[in-house]
file entry_11.csv (CSV, C-alpha atoms)
chain,number,residue,atom,x,y,z
B,1,MET,CA,75.7,-7.6,-17.4
B,2,LYS,CA,77.5,-9.9,-14.9
B,3,TYR,CA,78.4,-9.3,-11.3
B,4,PRO,CA,81.1,-11.8,-10.6
B,5,ASN,CA,81.4,-11.0,-6.9
B,6,GLY,CA,78.4,-8.7,-6.3
B,7,ARG,CA,80.6,-5.7,-5.6
B,8,LYS,CA,79.6,-3.9,-8.7
B,9,LYS,CA,76.0,-4.1,-7.8
B,10,VAL,CA,76.6,-2.7,-4.3
B,11,LYS,CA,78.6,0.1,-5.8
B,12,GLN,CA,75.7,0.9,-8.1
B,13,GLU,CA,73.2,1.0,-5.2
B,14,ASN,CA,75.5,3.3,-3.3
B,15,ASN,CA,75.7,5.6,-6.3
B,16,TYR,CA,72.0,5.5,-6.7
B,17,ALA,CA,71.5,6.4,-3.0
B,18,ASN,CA,73.7,9.4,-3.4
B,19,LEU,CA,71.9,10.7,-6.4
B,20,GLY,CA,69.5,12.7,-4.3
B,21,MET,CA,72.4,14.9,-3.1
B,22,THR,CA,74.0,15.5,-6.5
B,23,LEU,CA,72.0,18.4,-7.8
B,24,GLU,CA,72.4,20.3,-4.5
B,25,LYS,CA,76.1,19.6,-4.5
B,26,ASP,CA,76.5,20.7,-8.1
B,27,ILE,CA,74.6,24.0,-7.3
B,28,ASP,CA,76.8,24.5,-4.2
B,29,LEU,CA,79.9,24.1,-6.3
B,30,THR,CA,78.6,26.4,-8.9
B,31,ASN,CA,77.8,29.1,-6.2
B,32,GLN,CA,81.3,28.7,-4.9
B,33,TYR,CA,82.6,29.3,-8.4
B,34,TYR,CA,80.4,32.4,-8.7
B,35,LEU,CA,81.7,33.7,-5.3
B,36,ASN,CA,85.4,33.0,-6.1
B,37,ASN,CA,85.1,34.7,-9.5
B,38,ASN,CA,83.1,37.6,-8.1
B,39,ILE,CA,80.1,36.8,-10.4
B,40,ALA,CA,77.4,36.6,-7.8
B,41,VAL,CA,76.8,36.2,-4.1
B,42,ILE,CA,74.4,33.2,-3.7
B,43,HIS,CA,74.3,30.9,-0.6
B,44,LYS,CA,72.4,27.9,0.5
B,45,LYS,CA,70.5,28.5,3.7
B,46,PRO,CA,71.2,26.2,6.6
B,47,THR,CA,68.7,23.4,7.2
B,48,PRO,CA,66.4,24.7,10.0
B,49,VAL,CA,66.7,22.7,13.2
B,50,GLN,CA,64.6,22.9,16.4
B,51,VAL,CA,67.0,22.6,19.2
B,52,VAL,CA,65.4,21.1,22.3
B,53,ASN,CA,68.3,20.2,24.6
B,54,VAL,CA,72.0,21.3,24.8
B,55,SER,CA,74.7,19.9,27.0
B,56,TYR,CA,78.1,21.5,27.8
B,57,PRO,CA,80.6,18.6,28.1
B,58,ALA,CA,83.4,21.1,27.9
B,59,ARG,CA,83.9,24.9,28.3
B,60,ASN,CA,82.7,26.9,25.4
B,61,LYS,CA,81.6,23.8,23.5
B,62,ALA,CA,77.8,23.4,23.3
B,63,LYS,CA,76.7,19.9,22.3
B,64,ILE,CA,73.2,19.6,20.9
B,65,VAL,CA,71.8,16.4,22.3
B,66,GLU,CA,68.2,16.6,21.2
B,67,ALA,CA,66.9,18.4,18.1
B,68,TYR,CA,64.5,17.9,15.2
B,69,TYR,CA,64.4,19.0,11.6
B,70,LYS,CA,61.9,21.7,10.9
B,71,THR,CA,60.0,22.4,7.7
B,72,PRO,CA,61.8,25.3,6.0
B,73,SER,CA,59.7,28.4,5.6
B,74,THR,CA,61.5,29.6,2.5
B,75,THR,CA,63.5,28.2,-0.4
B,76,ASP,CA,67.0,26.9,0.1
B,77,TYR,CA,68.9,29.4,-2.1
B,78,ASN,CA,69.0,33.2,-2.4
B,79,GLY,CA,71.4,36.0,-3.1
B,80,ILE,CA,72.3,38.8,-5.5
B,81,TYR,CA,73.4,38.7,-9.2
B,82,LEU,CA,73.9,41.9,-11.3
B,83,GLY,CA,72.1,43.9,-8.6
B,84,LYS,CA,69.0,41.6,-8.8
B,85,TYR,CA,67.6,39.5,-5.9
B,86,ILE,CA,67.7,35.8,-6.9
B,87,ASP,CA,65.6,33.1,-5.1
B,88,PHE,CA,65.1,29.5,-6.0
B,89,ASP,CA,64.9,25.9,-4.9
B,90,VAL,CA,66.3,22.8,-6.5
B,91,LYS,CA,64.5,19.5,-7.1
B,92,GLU,CA,65.4,16.2,-8.6
B,93,THR,CA,62.9,13.8,-10.0
B,94,LYS,CA,62.9,10.3,-11.4
B,95,ALA,CA,59.6,11.0,-13.2
B,96,LYS,CA,59.7,10.9,-17.0
B,97,THR,CA,56.7,12.7,-18.4
B,98,SER,CA,55.9,15.3,-15.7
B,99,PHE,CA,57.1,17.0,-12.5
B,100,PRO,CA,54.7,16.3,-9.6
B,101,LEU,CA,53.9,19.5,-7.7
B,102,ARG,CA,53.9,17.6,-4.4
B,103,ASN,CA,57.7,17.8,-4.7
B,104,ILE,CA,57.5,21.5,-3.7
B,105,HIS,CA,56.3,22.6,-0.3
B,106,PRO,CA,53.2,24.9,-0.5
B,107,HIS,CA,55.0,27.6,1.5
B,108,GLN,CA,58.0,27.5,-0.9
B,109,ILE,CA,55.7,28.2,-3.8
B,110,GLU,CA,54.0,31.0,-1.9
B,111,HIS,CA,57.4,32.4,-0.9
B,112,LEU,CA,58.5,32.4,-4.6
B,113,ARG,CA,55.3,34.1,-5.6
B,114,LYS,CA,55.9,36.9,-3.1
B,115,VAL,CA,59.5,37.3,-4.2
B,116,HIS,CA,58.3,37.5,-7.8
B,117,GLU,CA,55.7,40.2,-6.8
B,118,HIS,CA,58.4,42.2,-5.1
B,119,GLY,CA,60.6,42.3,-8.3
B,120,GLY,CA,62.9,39.4,-7.5
B,121,ILE,CA,63.9,36.6,-9.9
B,122,ALA,CA,62.1,33.5,-8.6
B,123,PHE,CA,62.3,30.0,-10.1
B,124,ILE,CA,63.1,26.3,-9.4
B,125,ILE,CA,65.8,24.2,-11.0
B,126,VAL,CA,64.7,20.7,-11.8
B,127,HIS,CA,66.8,17.8,-12.8
B,128,PHE,CA,65.0,15.1,-14.8
B,129,LYS,CA,67.3,12.2,-14.0
B,130,ILE,CA,65.8,9.9,-16.7
B,131,HIS,CA,66.4,12.5,-19.4
B,132,ASN,CA,69.5,13.8,-17.7
B,133,LYS,CA,68.4,17.3,-18.4
B,134,TYR,CA,68.4,20.4,-16.1
B,135,PHE,CA,65.8,23.2,-16.4
B,136,ILE,CA,65.1,26.6,-14.9
B,137,LEU,CA,61.3,26.9,-14.5
B,138,PRO,CA,60.1,30.4,-13.7
B,139,ILE,CA,57.6,30.8,-10.9
B,140,ASP,CA,54.8,32.1,-13.2
B,141,ILE,CA,54.8,28.7,-15.1
B,142,ILE,CA,54.6,26.9,-11.7
B,143,LEU,CA,51.7,29.2,-10.6
B,144,LYS,CA,49.8,28.5,-13.8
B,145,TYR,CA,49.4,24.9,-12.6
B,146,TRP,CA,49.4,25.6,-8.8
B,147,ASP,CA,46.6,28.2,-8.9
B,148,ASN,CA,44.4,26.0,-11.1
B,149,LYS,CA,42.8,24.0,-8.4
B,150,GLN,CA,40.8,21.9,-10.8
B,151,GLY,CA,43.7,21.2,-12.9
B,152,ARG,CA,46.4,18.5,-12.9
B,153,LYS,CA,48.8,18.3,-10.0
B,154,SER,CA,51.9,18.0,-12.1
B,155,ILE,CA,53.8,20.0,-14.7
B,156,PRO,CA,54.2,18.2,-18.0
B,157,TYR,CA,57.8,17.6,-19.1
B,158,ASN,CA,56.8,19.2,-22.4
B,159,ASP,CA,56.3,22.5,-20.5
B,160,PHE,CA,59.9,22.4,-19.4
B,161,LEU,CA,60.9,22.1,-23.0
B,162,THR,CA,58.8,24.9,-24.2
B,163,ASP,CA,58.6,27.3,-21.2
B,164,GLY,CA,61.6,26.3,-19.1
B,165,TYR,CA,65.2,27.3,-19.8
B,166,GLU,CA,67.7,24.4,-20.2
B,167,ILE,CA,71.0,24.5,-18.2
B,168,ASN,CA,73.8,22.6,-19.8
B,169,PHE,CA,75.9,20.5,-17.4
B,170,THR,CA,79.6,21.5,-17.8
B,171,TYR,CA,82.7,20.8,-15.8
B,172,HIS,CA,83.5,24.2,-14.2
B,173,PRO,CA,81.2,25.6,-13.2
B,174,ARG,CA,78.9,22.5,-13.1
B,175,LEU,CA,75.6,24.2,-13.8
B,176,ASP,CA,76.0,27.7,-15.0
B,177,TYR,CA,72.4,28.7,-14.2
B,178,LEU,CA,73.1,32.4,-14.0
B,179,LYS,CA,74.3,32.5,-17.6
B,180,VAL,CA,70.8,31.2,-18.4
B,181,ILE,CA,69.1,33.7,-16.1
B,182,LYS,CA,71.1,36.6,-17.6
B,183,LYS,CA,70.0,35.6,-21.1
B,184,HIS,CA,66.3,35.2,-20.4
B,185,TYR,CA,65.7,37.7,-17.6
B,186,LEU,CA,68.3,40.4,-17.9
B,187,THR,CA,69.0,41.1,-21.6
L,1,MET,CA,68.9,47.2,47.8
L,2,LYS,CA,68.0,44.2,49.8
L,3,TYR,CA,67.5,40.6,48.7
L,4,PRO,CA,65.5,39.1,51.6
L,5,ASN,CA,65.5,35.6,50.1
L,6,GLY,CA,67.7,36.0,47.0
L,7,ARG,CA,64.8,35.6,44.6
L,8,LYS,CA,64.8,39.1,43.4
L,9,LYS,CA,68.5,38.8,42.4
L,10,VAL,CA,67.8,35.6,40.5
L,11,LYS,CA,64.9,37.3,38.6
L,12,GLN,CA,67.2,40.2,37.6
L,13,GLU,CA,69.8,37.8,36.3
L,14,ASN,CA,67.2,36.0,34.2
L,15,ASN,CA,66.0,39.3,32.7
L,16,TYR,CA,69.5,40.3,32.0
L,17,ALA,CA,70.3,37.0,30.3
L,18,ASN,CA,67.3,37.4,28.0
L,19,LEU,CA,68.4,40.9,26.8
L,20,GLY,CA,70.6,39.5,24.2
L,21,MET,CA,67.7,38.1,22.3
L,22,THR,CA,65.5,41.2,22.3
L,23,LEU,CA,66.8,42.9,19.2
L,24,GLU,CA,66.6,39.8,17.1
L,25,LYS,CA,63.1,39.2,18.4
L,26,ASP,CA,62.1,42.8,17.6
L,27,ILE,CA,63.5,42.4,14.1
L,28,ASP,CA,61.8,39.1,13.6
L,29,LEU,CA,58.4,40.7,14.6
L,30,THR,CA,59.1,43.6,12.3
L,31,ASN,CA,59.9,41.2,9.4
L,32,GLN,CA,56.6,39.4,10.1
L,33,TYR,CA,54.8,42.7,9.9
L,34,TYR,CA,56.5,43.4,6.6
L,35,LEU,CA,55.4,40.0,5.3
L,36,ASN,CA,51.9,40.3,6.5
L,37,ASN,CA,51.5,43.8,5.0
L,38,ASN,CA,53.2,42.9,1.7
L,39,ILE,CA,55.9,45.5,2.3
L,40,ALA,CA,58.9,43.2,1.9
L,41,VAL,CA,60.1,39.6,2.0
L,42,ILE,CA,62.9,39.4,4.6
L,43,HIS,CA,63.7,36.3,6.6
L,44,LYS,CA,66.2,35.3,9.3
L,45,LYS,CA,68.4,32.4,8.1
L,46,PRO,CA,68.4,29.3,10.3
L,47,THR,CA,71.3,28.9,12.7
L,48,PRO,CA,73.8,26.6,11.0
L,49,VAL,CA,74.2,23.2,12.8
L,50,GLN,CA,76.6,20.4,12.0
L,51,VAL,CA,74.6,17.2,12.5
L,52,VAL,CA,76.8,14.3,13.6
L,53,ASN,CA,74.3,11.6,14.7
L,54,VAL,CA,70.6,11.0,14.0
L,55,SER,CA,68.4,8.3,15.6
L,56,TYR,CA,65.0,7.2,14.4
L,57,PRO,CA,63.0,6.4,17.5
L,58,ALA,CA,59.8,6.4,15.4
L,59,ARG,CA,58.9,6.1,11.8
L,60,ASN,CA,59.4,9.3,9.8
L,61,LYS,CA,60.7,11.1,12.8
L,62,ALA,CA,64.4,11.8,12.8
L,63,LYS,CA,65.8,12.8,16.1
L,64,ILE,CA,69.2,14.5,16.1
L,65,VAL,CA,71.2,13.2,19.0
L,66,GLU,CA,74.6,14.8,18.4
L,67,ALA,CA,75.1,18.2,16.6
L,68,TYR,CA,77.2,21.3,17.1
L,69,TYR,CA,76.7,25.0,16.2
L,70,LYS,CA,78.7,26.1,13.2
L,71,THR,CA,80.0,29.6,12.5
L,72,PRO,CA,77.7,31.2,10.0
L,73,SER,CA,79.2,32.1,6.7
L,74,THR,CA,76.9,35.0,6.0
L,75,THR,CA,74.8,37.4,7.9
L,76,ASP,CA,71.5,36.4,9.6
L,77,TYR,CA,69.0,38.4,7.5
L,78,ASN,CA,68.4,38.9,3.8
L,79,GLY,CA,65.5,39.4,1.4
L,80,ILE,CA,63.9,41.8,-1.0
L,81,TYR,CA,62.4,45.3,-0.6
L,82,LEU,CA,61.2,47.5,-3.5
L,83,GLY,CA,63.1,45.2,-5.9
L,84,LYS,CA,66.3,45.7,-4.0
L,85,TYR,CA,68.4,43.0,-2.4
L,86,ILE,CA,68.7,43.7,1.4
L,87,ASP,CA,71.4,42.0,3.6
L,88,PHE,CA,72.2,42.8,7.2
L,89,ASP,CA,73.1,41.5,10.7
L,90,VAL,CA,71.9,42.8,14.1
L,91,LYS,CA,74.1,43.5,17.1
L,92,GLU,CA,73.5,44.6,20.6
L,93,THR,CA,76.2,46.2,22.7
L,94,LYS,CA,76.5,47.4,26.3
L,95,ALA,CA,79.3,49.7,25.3
L,96,LYS,CA,78.7,53.5,25.7
L,97,THR,CA,81.3,55.3,23.6
L,98,SER,CA,82.0,52.9,20.8
L,99,PHE,CA,81.0,49.7,19.0
L,100,PRO,CA,83.8,47.1,19.2
L,101,LEU,CA,84.5,45.5,15.7
L,102,ARG,CA,85.1,42.1,17.4
L,103,ASN,CA,81.3,41.9,17.7
L,104,ILE,CA,81.1,41.1,14.0
L,105,HIS,CA,82.7,38.0,12.4
L,106,PRO,CA,85.3,38.8,9.7
L,107,HIS,CA,83.4,36.7,7.2
L,108,GLN,CA,80.2,38.6,7.9
L,109,ILE,CA,82.0,41.9,7.1
L,110,GLU,CA,83.5,40.4,3.9
L,111,HIS,CA,80.0,39.1,3.0
L,112,LEU,CA,78.5,42.5,3.4
L,113,ARG,CA,81.3,44.0,1.4
L,114,LYS,CA,80.6,41.6,-1.5
L,115,VAL,CA,76.8,42.3,-1.4
L,116,HIS,CA,77.6,46.0,-1.5
L,117,GLU,CA,79.9,45.6,-4.5
L,118,HIS,CA,77.1,43.6,-6.3
L,119,GLY,CA,74.6,46.4,-5.8
L,120,GLY,CA,72.8,45.2,-2.7
L,121,ILE,CA,71.9,47.3,0.4
L,122,ALA,CA,74.3,46.1,3.1
L,123,PHE,CA,74.4,47.3,6.7
L,124,ILE,CA,74.2,46.3,10.3
L,125,ILE,CA,71.6,47.3,12.9
L,126,VAL,CA,73.2,48.2,16.3
L,127,HIS,CA,71.3,48.6,19.5
L,128,PHE,CA,73.2,50.7,22.1
L,129,LYS,CA,71.5,49.5,25.2
L,130,ILE,CA,72.9,52.2,27.5
L,131,HIS,CA,71.6,55.0,25.2
L,132,ASN,CA,68.6,52.9,24.2
L,133,LYS,CA,69.1,53.9,20.6
L,134,TYR,CA,69.0,51.8,17.4
L,135,PHE,CA,71.0,52.6,14.3
L,136,ILE,CA,71.5,51.4,10.8
L,137,LEU,CA,75.2,51.6,10.0
L,138,PRO,CA,76.0,51.2,6.2
L,139,ILE,CA,78.8,48.8,5.3
L,140,ASP,CA,81.0,51.5,3.9
L,141,ILE,CA,81.2,53.2,7.3
L,142,ILE,CA,82.2,49.8,8.8
L,143,LEU,CA,84.8,49.2,6.1
L,144,LYS,CA,86.4,52.6,6.8
L,145,TYR,CA,87.5,51.3,10.2
L,146,TRP,CA,87.8,47.6,9.2
L,147,ASP,CA,90.2,48.2,6.3
L,148,ASN,CA,92.4,50.6,8.3
L,149,LYS,CA,94.6,48.0,9.9
L,150,GLN,CA,96.6,50.5,11.9
L,151,GLY,CA,93.5,52.2,13.2
L,152,ARG,CA,91.2,51.6,16.1
L,153,LYS,CA,89.3,48.4,16.4
L,154,SER,CA,86.0,50.0,17.3
L,155,ILE,CA,83.6,52.5,15.7
L,156,PRO,CA,82.9,55.6,17.9
L,157,TYR,CA,79.4,56.2,19.0
L,158,ASN,CA,79.7,59.6,17.5
L,159,ASP,CA,80.0,58.0,14.0
L,160,PHE,CA,76.6,56.4,14.5
L,161,LEU,CA,75.2,59.8,15.3
L,162,THR,CA,76.7,61.5,12.2
L,163,ASP,CA,76.9,58.6,9.6
L,164,GLY,CA,74.4,56.1,10.9
L,165,TYR,CA,70.6,56.4,10.5
L,166,GLU,CA,68.6,56.1,13.7
L,167,ILE,CA,65.6,53.8,13.8
L,168,ASN,CA,62.8,54.8,16.2
L,169,PHE,CA,61.4,52.1,18.4
L,170,THR,CA,57.6,51.9,17.9
L,171,TYR,CA,54.9,49.5,18.8
L,172,HIS,CA,53.8,48.0,15.5
L,173,PRO,CA,56.1,47.4,13.8
L,174,ARG,CA,58.7,47.4,16.5
L,175,LEU,CA,61.7,48.7,14.5
L,176,ASP,CA,60.6,50.1,11.1
L,177,TYR,CA,64.1,49.9,9.6
L,178,LEU,CA,62.9,49.7,6.0
L,179,LYS,CA,61.3,53.1,6.3
L,180,VAL,CA,64.8,54.4,7.2
L,181,ILE,CA,66.4,52.4,4.3
L,182,LYS,CA,63.8,53.9,1.9
L,183,LYS,CA,64.6,57.4,3.0
L,184,HIS,CA,68.3,57.2,2.9
L,185,TYR,CA,68.9,54.7,0.0
L,186,LEU,CA,65.9,54.8,-2.2
L,187,THR,CA,64.7,58.3,-2.6
call {"tool": "encode", "arguments": {"input": "entry_11.csv", "output": "structure tokens"}}
result
Amino acid sequence: MKYPNGRKKVKQENNYANLGMTLEKDIDLTNQYYLNNNIAVIHKKPTPVQVVNVSYPARNKAKIVEAYYKTPSTTDYNGIYLGKYIDFDVKETKAKTSFPLRNIHPHQIEHLRKVHEHGGIAFIIVHFKIHNKYFILPIDIILKYWDNKQGRKSIPYNDFLTDGYEINFTYHPRLDYLKVIKKHYLT
Amino acid sequence: MKYPNGRKKVKQENNYANLGMTLEKDIDLTNQYYLNNNIAVIHKKPTPVQVVNVSYPARNKAKIVEAYYKTPSTTDYNGIYLGKYIDFDVKETKAKTSFPLRNIHPHQIEHLRKVHEHGGIAFIIVHFKIHNKYFILPIDIILKYWDNKQGRKSIPYNDFLTDGYEINFTYHPRLDYLKVIKKHYLT
């Protein structure tokens, strides 16, 4: 491949940098589709921020001038679908043969465990970029590895193929994960 | 009443200013109690913030130097209780005879309506400070007034007494609203 003026390469790098946001964006668009079509009510939670200092340059307009990102205490997404409580997080990985558990915060796993115990539908959505495949992985599969302290600290890609549920990427909605949830959890 | 050096008045104002946070704090403590005792998993959503500018004064430490509060698109609280999806907001009012509907954002009401339609338990918790009483008001009672465009723009206190469910203030947990939810929605 040739880059006659280098621009193509720059463009590639930009695309690459944006990849980290793609899955979240696709899920947000899918949730908007669910909302517009009255299929489900699922929202992304705001990123938690610790506000330290606020100034008031104008009336009724608070400007935050010092704040820091906080570690979230739960997952990013939750809501209701067919009367069921839904709770999940989304993760992208460049890994090929396994999903490293360090990609999930311990309190997110514990949160999903509690949701599961209380009768909610708890899972993660993982995008394996190299395979360009999307999977729902139920919390009990994650816990099988998480709770095994002597065991490996990653979930083999093969487990996604056997115990996960693949989500096909489509145009509209982008990632119809609730269709997959309905098939595997609710029928 | 005398204010020999003005300090007493200042102290009063401070206390008064903090009142607005009391109900939220009591609900947060109650939710922590529910979590610790494995009764329910209910969290407050972070306040949404639009981050405009971030600086990096030290490695791995992002400092937000310009950000603004955004209007939330949903309610503040949601979660799962006895397998049911729970969604609500909390409001305090100094009003005596009615609760003004302008205290709730229109999109919060529409969000609660959708949750209700999808089979969730949707309501608001209102603290009437003058009466020192706390009520759960189901979304259908709110919608009765909200959808009546010609009608009054506030919900009479009397409706809280007849159609709302009172929550007693106790020490631990502070406001056991799920006990009230269980009695009126789940038995």
call {"tool": "closest_atom_pairs", "arguments": {"input": "entry_11.csv", "of": "chain L", "to": "chain B", "cutoff": "7 Å", "atoms": "only C-alpha atoms", "output": "CSV"}}
result
residue,atom,partner,partner_atom,distance
L:Val41,CA,B:Val115,CA,6.6
L:Lys45,CA,B:Lys45,CA,6.2
L:Pro46,CA,B:Pro48,CA,5.0
L:Thr47,CA,B:Pro46,CA,6.7
L:Pro48,CA,B:Pro46,CA,5.1
L:Ala62,CA,B:Tyr68,CA,6.6
L:Lys63,CA,B:Tyr68,CA,5.3
L:Ile64,CA,B:Ala67,CA,4.9
L:Val65,CA,B:Val65,CA,4.6
L:Glu66,CA,B:Val65,CA,5.1
L:Ala67,CA,B:Ile64,CA,4.9
L:Tyr68,CA,B:Lys63,CA,5.4
L:Ile80,CA,B:Tyr85,CA,6.6
L:Tyr81,CA,B:His118,CA,6.8
L:Leu82,CA,B:His118,CA,6.2
L:Gly83,CA,B:Gly119,CA,4.5
L:Lys84,CA,B:Tyr85,CA,6.6
L:Tyr85,CA,B:Tyr85,CA,5.0
L:Val115,CA,B:Val41,CA,6.7
L:His118,CA,B:Gly83,CA,5.5
L:Gly119,CA,B:Gly83,CA,4.5
L:Gly120,CA,B:Gly83,CA,6.1
call {"tool": "atom_distance", "arguments": {"input": "entry_11.csv", "atom1": "CA of Pro106 (chain B)", "atom2": "CA of Glu24 (chain L)"}}
result
26.7 Å
call {"tool": "residues_around", "arguments": {"input": "entry_11.csv", "residues": "Pro156 (chain L)", "least_positions_apart": "3", "cutoff": "6 Å", "atoms": "all atoms listed in the file", "output": "JSON list (two decimals) with C-alpha atoms, keeping the file's coordinate frame"}}
result
[["chain", "number", "residue", "atom", "x", "y", "z"],
["L", 97, "THR", "CA", 81.30, 55.30, 23.60],
["L", 98, "SER", "CA", 82.00, 52.90, 20.80],
["L", 159, "ASP", "CA", 80.00, 58.00, 14.00]]
call {"tool": "closest_residue", "arguments": {"input": "entry_11.csv", "among": "B:Ile109, B:Ile142, B:Ile136, B:Leu101", "to": "Leu175 (chain B)", "atoms": "only C-alpha atoms"}}
result
B:Ile136
call {"tool": "atom_distance", "arguments": {"input": "entry_11.csv", "atom1": "CA of Pro57 (chain B)", "atom2": "CA of Gln108 (chain L)"}}
result
28.4 Å
call {"tool": "closest_residue", "arguments": {"input": "entry_11.csv", "among": "L:Thr93, L:Asn158, L:Thr187, L:Thr75", "to": "Asn132 (chain L)", "atoms": "all atoms listed in the file"}}
result
L:Thr93
call {"tool": "axis_aligned_box", "arguments": {"input": "entry_11.csv", "around": "region 110-123 of chain L", "padding_each_side": "3 Å", "output": "JSON"}}
result
{"center_x": 77.7, "center_y": 43.2, "center_z": 0.2, "size_x": 17.6, "size_y": 14.2, "size_z": 19.0}
